[in-house]
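Visitor: Here you go, one structure.
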Amino acid sequence: MLDRRLHLHLVTWLGQWPAGSGLHVVGSRRRSRPAWDGRIRPAVMVAAPGVAVLSVPPERVAAVRALAADGPTPRLWSALPGAVGHPALPLREGIFRWCTAPAPLPDVGEWTDPTDPGFPSWLHLFDREVLVVRDADGRYLAGVGVKRHDRYGHELAVGTVPAARGRGLARRLVAQAARRVLDEGAVPTYLHDPGNTASARVAAAAGFPDRGWRSRIVHPD
């Protein structure tokens, strides 16, 4: 049975779930509104084995359904950015993971304000606390930000400086952040590029297995 928090997240984020078998194109006003970082994602698809929901602005549903008449074909994916009114934006494919039982790894980071000038620029996008590991001199080593898509689903993003990789910091941070997300009543999710084997290892070690779920999102770089 699908976790209730994940179900509510998918319904809220996409506009519909479950949808029966096959690919379903649905309309959601969220696709025209700023997301967690103030930028829009005019198309978001989440696919579980046997079912997929592609969320687009309501006024674009008819055009996208026509493209999707033959299913999730290369023609659909190549035309999707233009069909939702943003031909210059890339379509990103991802592994969609989620977790209800984080790995019992020891905490390693501290929650702190994201505006520290010593943090990498990607952490500055977050408007709430981020989870960070520093060295003995206070320099940033690794961190996690939480993308609060809605009250039910919070996506984790992690980054480690090259000199600190291979120490297990990322997996410990992800597991620690996932526990906090669950304590707050949401389900933690984790998306990464299919070719990013390092990120895949971090996710699996932190308690986010690959269940065969996938995502495709039209969004700014």
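All residue names refer to the structure tokens as shown: chains lettered A, B, ... in order, residues numbered from 1 in each chain, ligands numbered from 1 in order.
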From a backbone DSSP assignment, name each residue in chain A labelled strand (DSSP E or B), as a PyMOL selection string.
Guide: chain A and resi 22-27+43-48+51-56+91-98+110-112+130-134+140-148+153-160+187-192+214-218
Visitor: Could you list, with a cut-off of 7 Å and counting only C-alpha atoms, the residues of range 32-145 of chain A near range 171-182 of chain A, each shown with its nearest atom pair and the distance in Å rounded to one decimal, rows sorted by chain and ascending number, as JSON lines?
Guide:
```
{"residue": "A:Pro102", "atom": "CA", "partner": "A:Ala175", "partner_atom": "CA", "distance": 5.3}
{"residue": "A:Ala103", "atom": "CA", "partner": "A:Ala175", "partner_atom": "CA", "distance": 6.0}
{"residue": "A:Leu105", "atom": "CA", "partner": "A:Arg172", "partner_atom": "CA", "distance": 5.7}
{"residue": "A:Pro106", "atom": "CA", "partner": "A:Arg172", "partner_atom": "CA", "distance": 6.5}
{"residue": "A:Asp107", "atom": "CA", "partner": "A:Gln176", "partner_atom": "CA", "distance": 5.6}
{"residue": "A:Val108", "atom": "CA", "partner": "A:Leu173", "partner_atom": "CA", "distance": 6.3}
{"residue": "A:Gly109", "atom": "CA", "partner": "A:Leu173", "partner_atom": "CA", "distance": 6.3}
{"residue": "A:Val144", "atom": "CA", "partner": "A:Leu173", "partner_atom": "CA", "distance": 6.6}
```
Visitor: Write out the residues from the selection above, keeping N, CA, C and O atoms, as an mmCIF file, in the first residue's frame.
Guide:
```
data_model
loop_
_atom_site.group_PDB
_atom_site.id
_atom_site.type_symbol
_atom_site.label_atom_id
_atom_site.label_comp_id
_atom_site.auth_asym_id
_atom_site.auth_seq_id
_atom_site.Cartn_x
_atom_site.Cartn_y
_atom_site.Cartn_z
ATOM 1 N N PRO A 102 14.458 5.812 7.192
ATOM 2 C CA PRO A 102 15.849 6.172 6.905
ATOM 3 C C PRO A 102 16.824 5.200 7.555
ATOM 4 O O PRO A 102 16.534 4.607 8.608
ATOM 5 N N ALA A 103 17.976 5.035 6.936
ATOM 6 C CA ALA A 103 19.011 4.176 7.503
ATOM 7 C C ALA A 103 19.433 4.712 8.873
ATOM 8 O O ALA A 103 19.523 5.926 9.073
ATOM 9 N N LEU A 105 21.845 5.720 10.476
ATOM 10 C CA LEU A 105 23.189 6.278 10.477
ATOM 11 C C LEU A 105 23.272 7.397 11.517
ATOM 12 O O LEU A 105 22.291 8.107 11.750
ATOM 13 N N PRO A 106 24.428 7.601 12.132
ATOM 14 C CA PRO A 106 24.542 8.663 13.141
ATOM 15 C C PRO A 106 24.427 10.049 12.531
ATOM 16 O O PRO A 106 24.868 10.282 11.406
ATOM 17 N N ASP A 107 23.826 10.966 13.285
ATOM 18 C CA ASP A 107 23.752 12.357 12.844
ATOM 19 C C ASP A 107 25.160 12.915 12.655
ATOM 20 O O ASP A 107 26.097 12.561 13.387
ATOM 21 N N VAL A 108 25.279 13.819 11.692
ATOM 22 C CA VAL A 108 26.597 14.376 11.419
ATOM 23 C C VAL A 108 26.563 15.882 11.228
ATOM 24 O O VAL A 108 27.585 16.553 11.360
ATOM 25 N N GLY A 109 25.390 16.460 10.942
ATOM 26 C CA GLY A 109 25.320 17.878 10.619
ATOM 27 C C GLY A 109 24.541 18.692 11.627
ATOM 28 O O GLY A 109 23.929 18.164 12.554
ATOM 29 N N VAL A 144 22.735 19.652 3.090
ATOM 30 C CA VAL A 144 21.452 19.226 2.541
ATOM 31 C C VAL A 144 20.467 20.385 2.626
ATOM 32 O O VAL A 144 20.376 21.048 3.663
#
```
Visitor: Write out as a ChimeraX atom specification the residues lying within 8 Å of Tyr140 in chain A, counting only C-alpha atoms and excluding same-chain residues fewer than 3 positions away.
Guide: /A:118-119,132-135,143,161
Visitor: When distances are computed from only C-alpha atoms, which of A:Arg60, A:Arg65, A:His149, A:His154 shows the smallest separation from Leu23 in chain A?
Guide: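 Of the candidates, the smallest distance to Leu23 in chain A is held by A:Arg65.
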Visitor: Which one of A:Arg97, A:Ile217, A:Val146, A:Glu59 sits closest to Leu131 in chain A if you count only C-alpha atoms?
Guide: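 Of A:Arg97, A:Ile217, A:Val146, A:Glu59, the one nearest Leu131 in chain A, counting only C-alpha atoms, is A:Val146.
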